[in-house]
Amino acid sequence: MKHTYLKMALLSTALVATGAQAQDAALTIESWRNDDLALWQDKIIPAFEAKHPGIKVQFTPTAPADYNAVLNSKLDAGSAGDLITCRPFDASLALYQAGHLTDLSDLDAMSNFSDVAKAAWQTDDGAATFCVPMASVIHGFIYNKDAFAELGIEVPVTEEEFFAALEKIKEDGSYIPMAMGTNDQWEAATMGYNNIGPNYWKGEEGRLALIRGEQKLTDPQWVEPYATLSKWAPYLGDGYEAQTYPDSQNLFTLGRAAIYPAGSWEISGFNAQAEFEMGAFKPPVKAAGDTCYISDHTDVGIGMNAASANPEAARAFLSWVASPEFAEIFGNALPGFFPLSDTPVELSDPLAKEFVGWRNDCERSIRSTYQILSRGTPNLENDTWGASVAAIKGTSTPEELGVKLQAGLDSWYKPQN
């Protein structure tokens, strides 16, 4: 009898130990978003752990510029965290192809996202999705409401109204019409060409046709945005050629410029710095009544390290990231980074609400150069920076820019040959 009791006691102890081991897991998240450390520690992780008491989570970010190199070193050494914050498109695709990220296509929560939202973290054929979409940023224009009221300017809807507003601001002389420089180049493409361009090439219709080789960068819908950019120069203020990105931010938040070609990622910083009320308007359409298109660019995702020792816990966390609860926490704690799930999120920041409201009015697309088309040399994304600057400065005609960009793409991309 004594022997039987001893066996039962030992068996009971083993079962308890096994149960504890199965329930208790510690997850580590790799990320480049070091600015978000407090958000994760104070809001996101406590909300998850409250509903998953057997799982502990630690957010361990790396400086953004070092992230890719540090992450690759950790993955090669087998010391990377269980969860990997994913940059969009090729960088994360390379991690998946190297066997470092797990295919999450069978995760039920993936049904919460549109095809556009998932495209940034899929194989080219869409067969595998390896990161849960977390957030996008939306392009448009932020404006000084005080300046508009003072000058009697209505929010522009068409390009004609947009340029009429710029001209009125310029004639008054109290404000620089628009704060953007060309010194750092990328702004001209990101907040210029890929901001207004989707209205010309009809968003996903044109972007995907370019990838398939059915459209070319010499076609009118890809050339005309450069012609529109060429009209911006008189409204950018003296010395815009040497003006840096931080210079433009300061000009706007100090109240010296009336309009800022923007990405929604500016919202938090502008809220902290500007002492005037701000509004936002979507990229103007060519004619009243035209369908509007916005760049709702997929920016941040999160996936599972294929070598994770805690795959079940990691999948539980990823399923929660795809939930409305996470979307509401993230969207409100970091205004301007918009959840990508199909479930609507009630945002509290008024400027963020203006941006995200465009999803109800406009067709959504992503930046034209980010998927597939910038894998070769010359790199189309980088070439688009230079082309956008040349268009604004008037050093090349829009047609010349189209020919040059298409020649570069033809030199390495088969569907365009």
# chains A, B, ... in the order shown; residues from 1 in each chain; ligands from 1
$ select_by_dssp --residues "region 110-311 of chain A" --states "strand (DSSP E)" --output "ChimeraX atom specification"
/A:132-144,176-178,257-263,278-281,293-304
$ write_last_selection --atoms "N, CA, C and O atoms" --output "compact mmCIF listing (two decimals), in the first residue's frame"
# COMPACT_ATOMS: atom_id res chain seq x y z
N VAL A 132 2.10 38.60 -39.30
CA VAL A 132 0.79 39.18 -39.06
C VAL A 132 0.89 40.69 -39.30
O VAL A 132 1.73 41.35 -38.69
N PRO A 133 0.06 41.26 -40.17
CA PRO A 133 0.11 42.71 -40.39
C PRO A 133 -0.27 43.47 -39.11
O PRO A 133 -1.26 43.12 -38.46
N MET A 134 0.52 44.47 -38.76
CA MET A 134 0.24 45.25 -37.55
C MET A 134 -0.25 46.66 -37.86
O MET A 134 -1.23 47.12 -37.28
N ALA A 135 0.45 47.37 -38.74
CA ALA A 135 0.09 48.77 -38.94
C ALA A 135 0.53 49.27 -40.30
O ALA A 135 1.50 48.79 -40.88
N SER A 136 -0.19 50.28 -40.76
CA SER A 136 0.18 50.99 -41.98
C SER A 136 0.29 52.47 -41.67
O SER A 136 -0.13 52.94 -40.61
N VAL A 137 0.86 53.20 -42.63
CA VAL A 137 0.88 54.66 -42.56
C VAL A 137 0.20 55.18 -43.83
O VAL A 137 0.29 54.57 -44.88
N ILE A 138 -0.51 56.29 -43.69
CA ILE A 138 -1.29 56.83 -44.79
C ILE A 138 -0.71 58.17 -45.24
O ILE A 138 -0.33 58.99 -44.41
N HIS A 139 -0.67 58.37 -46.56
CA HIS A 139 -0.12 59.59 -47.11
C HIS A 139 -1.22 60.60 -47.42
O HIS A 139 -2.34 60.24 -47.75
N GLY A 140 -0.85 61.87 -47.32
CA GLY A 140 -1.77 62.95 -47.63
C GLY A 140 -1.11 64.29 -47.34
O GLY A 140 0.12 64.41 -47.47
N PHE A 141 -1.88 65.26 -46.91
CA PHE A 141 -1.36 66.59 -46.60
C PHE A 141 -1.91 67.04 -45.25
O PHE A 141 -3.11 66.91 -44.99
N ILE A 142 -1.03 67.53 -44.38
CA ILE A 142 -1.44 68.13 -43.12
C ILE A 142 -1.39 69.65 -43.30
O ILE A 142 -0.47 70.16 -43.93
N TYR A 143 -2.40 70.34 -42.77
CA TYR A 143 -2.42 71.79 -42.96
C TYR A 143 -2.69 72.52 -41.65
O TYR A 143 -3.24 71.95 -40.69
N ASN A 144 -2.29 73.77 -41.62
CA ASN A 144 -2.48 74.67 -40.48
C ASN A 144 -3.88 75.27 -40.59
O ASN A 144 -4.15 76.08 -41.45
N ILE A 176 4.91 80.27 -45.88
CA ILE A 176 5.42 79.46 -46.99
C ILE A 176 4.26 78.54 -47.37
O ILE A 176 3.67 77.89 -46.49
N PRO A 177 3.90 78.47 -48.63
CA PRO A 177 2.73 77.65 -48.98
C PRO A 177 2.86 76.19 -48.55
O PRO A 177 1.93 75.61 -47.99
N MET A 178 4.05 75.59 -48.82
CA MET A 178 4.20 74.16 -48.55
C MET A 178 5.61 73.86 -48.07
O MET A 178 6.59 74.29 -48.69
N ALA A 257 4.85 77.55 -42.25
CA ALA A 257 4.33 77.01 -43.51
C ALA A 257 2.88 76.57 -43.30
O ALA A 257 2.52 76.12 -42.21
N ALA A 258 2.07 76.69 -44.34
CA ALA A 258 0.64 76.39 -44.20
C ALA A 258 0.29 74.94 -44.48
O ALA A 258 -0.68 74.42 -43.93
N ILE A 259 1.06 74.27 -45.35
CA ILE A 259 0.75 72.89 -45.76
C ILE A 259 2.02 72.05 -45.66
O ILE A 259 3.12 72.53 -45.93
N TYR A 260 1.84 70.79 -45.28
CA TYR A 260 2.96 69.86 -45.18
C TYR A 260 2.58 68.56 -45.90
O TYR A 260 1.65 67.87 -45.48
N PRO A 261 3.26 68.21 -47.03
CA PRO A 261 3.02 66.90 -47.66
C PRO A 261 3.48 65.83 -46.69
O PRO A 261 4.65 65.82 -46.28
N ALA A 262 2.58 64.95 -46.33
CA ALA A 262 2.81 64.19 -45.09
C ALA A 262 2.63 62.70 -45.24
O ALA A 262 1.97 62.20 -46.13
N GLY A 263 3.21 62.03 -44.24
CA GLY A 263 2.84 60.68 -43.90
C GLY A 263 2.24 60.75 -42.51
O GLY A 263 2.63 61.60 -41.69
N MET A 278 -4.46 71.47 -36.31
CA MET A 278 -4.11 70.91 -37.60
C MET A 278 -5.27 70.12 -38.19
O MET A 278 -6.10 69.58 -37.46
N GLY A 279 -5.29 70.06 -39.49
CA GLY A 279 -6.23 69.21 -40.21
C GLY A 279 -5.48 68.44 -41.27
O GLY A 279 -4.27 68.63 -41.47
N ALA A 280 -6.17 67.58 -41.98
CA ALA A 280 -5.54 66.81 -43.05
C ALA A 280 -6.49 66.72 -44.24
O ALA A 280 -7.71 66.70 -44.06
N PHE A 281 -5.92 66.69 -45.43
CA PHE A 281 -6.73 66.43 -46.62
C PHE A 281 -6.03 65.41 -47.50
O PHE A 281 -4.80 65.33 -47.54
N TYR A 293 -7.77 57.70 -54.62
CA TYR A 293 -6.90 56.60 -54.22
C TYR A 293 -5.89 57.14 -53.21
O TYR A 293 -5.38 58.24 -53.37
N ILE A 294 -5.63 56.35 -52.17
CA ILE A 294 -4.64 56.76 -51.18
C ILE A 294 -3.56 55.70 -51.02
O ILE A 294 -3.81 54.51 -51.22
N SER A 295 -2.37 56.15 -50.67
CA SER A 295 -1.29 55.24 -50.30
C SER A 295 -1.46 54.91 -48.82
O SER A 295 -1.20 55.73 -47.96
N ASP A 296 -1.98 53.73 -48.55
CA ASP A 296 -2.18 53.22 -47.19
C ASP A 296 -1.12 52.14 -47.00
O ASP A 296 -1.39 50.96 -47.13
N HIS A 297 0.10 52.59 -46.74
CA HIS A 297 1.28 51.74 -46.94
C HIS A 297 1.55 50.83 -45.75
O HIS A 297 1.78 51.28 -44.63
N THR A 298 1.55 49.54 -46.03
CA THR A 298 1.86 48.53 -45.02
C THR A 298 3.27 48.75 -44.49
O THR A 298 4.22 48.78 -45.26
N ASP A 299 3.41 48.86 -43.17
CA ASP A 299 4.69 49.31 -42.61
C ASP A 299 5.28 48.38 -41.56
O ASP A 299 6.49 48.21 -41.50
N VAL A 300 4.45 47.78 -40.72
CA VAL A 300 4.95 46.97 -39.60
C VAL A 300 4.14 45.69 -39.49
O VAL A 300 2.90 45.72 -39.51
N GLY A 301 4.83 44.55 -39.38
CA GLY A 301 4.19 43.27 -39.12
C GLY A 301 4.95 42.54 -38.04
O GLY A 301 5.97 43.03 -37.53
N ILE A 302 4.49 41.35 -37.67
CA ILE A 302 5.21 40.56 -36.67
C ILE A 302 5.04 39.08 -36.99
O ILE A 302 3.94 38.63 -37.35
N GLY A 303 6.16 38.34 -36.92
CA GLY A 303 6.15 36.93 -37.27
C GLY A 303 6.80 36.09 -36.19
O GLY A 303 7.27 36.60 -35.16
N MET A 304 6.87 34.77 -36.44
CA MET A 304 7.43 33.84 -35.46
C MET A 304 8.76 33.29 -35.95
O MET A 304 8.87 32.82 -37.09
$ residues_around --residues "Ala352 (chain A)" --least-positions-apart "3" --cutoff "6 Å" --atoms "only C-alpha atoms" --output "ChimeraX atom specification"
/A:335-336,349,355
$ select_by_dssp --residues "region 152-310 of chain A" --states "helix (DSSP H, G or I)" --output "ChimeraX atom specification"
/A:159-172,186-196,198-201,204-212,220-229,233-235,240-242,245-253,264-273
$ residues_around --residues "Asp184 (chain A)" --least-positions-apart "6" --cutoff "8 Å" --atoms "only C-alpha atoms" --output "PDB file with C-alpha atoms, in the first residue's frame"
ATOM      1  CA  GLN A 243      16.164  72.094 -47.034  1.00  0.00           C
ATOM      2  CA  THR A 244      16.381  68.858 -45.043  1.00  0.00           C
ATOM      3  CA  TYR A 245      13.563  66.697 -43.691  1.00  0.00           C
TER       4      TYR A 245
END
$ residues_around --residues "Gln185 (chain A)" --least-positions-apart "3" --cutoff "8 Å" --atoms "only C-alpha atoms" --output "NGL selection string"
:A and (181-182 or 188-189 or 385-386 or 388-389)
$ residues_around --residues "Lys404 (chain A)" --least-positions-apart "6" --cutoff "9 Å" --atoms "only C-alpha atoms" --output "PyMOL selection string"
chain A and resi 217-218+387
$ write_last_selection --atoms "N, CA, C and O atoms" --output "PDB file, in the first residue's frame"
ATOM      1  N   LEU A 217       6.619  52.539 -67.204  1.00  0.00           N
ATOM      2  CA  LEU A 217       6.835  53.832 -66.561  1.00  0.00           C
ATOM      3  C   LEU A 217       6.838  54.982 -67.557  1.00  0.00           C
ATOM      4  O   LEU A 217       6.886  56.147 -67.162  1.00  0.00           O
ATOM      5  N   THR A 218       6.783  54.651 -68.831  1.00  0.00           N
ATOM      6  CA  THR A 218       6.646  55.681 -69.879  1.00  0.00           C
ATOM      7  C   THR A 218       5.183  55.947 -70.214  1.00  0.00           C
ATOM      8  O   THR A 218       4.892  56.851 -70.998  1.00  0.00           O
ATOM      9  N   ALA A 387      14.394  60.949 -59.474  1.00  0.00           N
ATOM     10  CA  ALA A 387      13.489  61.421 -60.517  1.00  0.00           C
ATOM     11  C   ALA A 387      12.507  62.451 -59.966  1.00  0.00           C
ATOM     12  O   ALA A 387      12.202  63.457 -60.627  1.00  0.00           O
TER      13      ALA A 387
END
$ residues_around --residues "Lys231 (chain A)" --least-positions-apart "4" --cutoff "10 Å" --atoms "only C-alpha atoms" --output "ChimeraX atom specification"
/A:163,226-227,235,391-394
$ write_last_selection --atoms "all heavy atoms" --output "short mmCIF file (atom, residue, chain, number, x, y, z; two decimals), in the first residue's frame"
data_model
loop_
_atom_site.label_atom_id
_atom_site.label_comp_id
_atom_site.auth_asym_id
_atom_site.auth_seq_id
_atom_site.Cartn_x
_atom_site.Cartn_y
_atom_site.Cartn_z
N PHE A 163 -3.90 73.94 -56.26
CA PHE A 163 -2.95 74.94 -56.74
C PHE A 163 -3.48 76.36 -56.54
O PHE A 163 -2.70 77.30 -56.33
CB PHE A 163 -2.58 74.67 -58.20
CG PHE A 163 -1.60 73.55 -58.35
CD1 PHE A 163 -2.00 72.30 -58.80
CD2 PHE A 163 -0.26 73.72 -58.00
CE1 PHE A 163 -1.09 71.25 -58.92
CE2 PHE A 163 0.65 72.67 -58.12
CZ PHE A 163 0.24 71.44 -58.58
N TYR A 226 4.86 63.27 -62.34
CA TYR A 226 6.07 64.10 -62.37
C TYR A 226 5.76 65.49 -62.91
O TYR A 226 6.32 66.49 -62.45
CB TYR A 226 7.16 63.43 -63.21
CG TYR A 226 7.75 62.19 -62.59
CD1 TYR A 226 7.64 60.94 -63.21
CD2 TYR A 226 8.41 62.26 -61.36
CE1 TYR A 226 8.16 59.80 -62.63
CE2 TYR A 226 8.94 61.11 -60.76
CZ TYR A 226 8.80 59.90 -61.40
OH TYR A 226 9.32 58.77 -60.82
N ALA A 227 4.85 65.57 -63.88
CA ALA A 227 4.45 66.88 -64.40
C ALA A 227 3.77 67.71 -63.31
O ALA A 227 3.98 68.92 -63.21
CB ALA A 227 3.51 66.70 -65.59
N TYR A 235 6.14 76.97 -54.77
CA TYR A 235 5.41 77.06 -53.51
C TYR A 235 6.18 76.46 -52.33
O TYR A 235 5.65 76.39 -51.22
CB TYR A 235 4.06 76.37 -53.66
CG TYR A 235 3.27 76.89 -54.83
CD1 TYR A 235 3.08 76.12 -55.97
CD2 TYR A 235 2.73 78.18 -54.81
CE1 TYR A 235 2.37 76.60 -57.06
CE2 TYR A 235 2.01 78.68 -55.90
CZ TYR A 235 1.83 77.89 -57.01
OH TYR A 235 1.13 78.39 -58.09
N ALA A 391 12.13 66.28 -61.18
CA ALA A 391 10.87 66.84 -61.65
C ALA A 391 10.58 68.17 -60.97
O ALA A 391 10.19 69.14 -61.62
CB ALA A 391 9.73 65.85 -61.39
N ILE A 392 10.78 68.22 -59.65
CA ILE A 392 10.50 69.45 -58.90
C ILE A 392 11.46 70.57 -59.33
O ILE A 392 11.04 71.71 -59.56
CB ILE A 392 10.60 69.18 -57.38
CG1 ILE A 392 9.46 68.25 -56.93
CG2 ILE A 392 10.56 70.50 -56.60
CD1 ILE A 392 9.60 67.73 -55.53
N LYS A 393 12.71 70.23 -59.47
CA LYS A 393 13.70 71.24 -59.85
C LYS A 393 13.61 71.61 -61.33
O LYS A 393 14.16 72.65 -61.75
CB LYS A 393 15.12 70.72 -59.54
CG LYS A 393 15.45 70.64 -58.06
CD LYS A 393 16.90 70.19 -57.90
CE LYS A 393 17.35 70.17 -56.45
NZ LYS A 393 18.76 69.73 -56.31
N GLY A 394 13.00 70.77 -62.12
CA GLY A 394 12.89 71.04 -63.55
C GLY A 394 14.14 70.73 -64.33
O GLY A 394 14.33 71.24 -65.45
#
$ residues_around --residues "Asn34 (chain A)" --least-positions-apart "5" --cutoff "10 Å" --atoms "only C-alpha atoms" --output "list in words"
Leu39, Trp40, Phe59, Thr60, Pro61, Thr62, Ala63 and Pro64 of chain A
$ closest_residue --among "A:Ala147, A:Ala91, A:Leu210, A:Leu340" --to "Arg364 (chain A)" --atoms "only C-alpha atoms"
A:Leu340
$ atom_distance --atom1 "CA of Asp115 (chain A)" --atom2 "CA of Gln371 (chain A)"
13.7 Å
$ closest_residue --among "A:Glu266, A:Asp103, A:Glu187, A:Glu312" --to "Asp24 (chain A)" --atoms "only C-alpha atoms"
A:Glu312
$ atom_distance --atom1 "CA of Gly173 (chain A)" --atom2 "CA of Glu159 (chain A)"
21.3 Å
$ atom_distance --atom1 "CA of Asp238 (chain A)" --atom2 "CA of Asp172 (chain A)"
15.5 Å
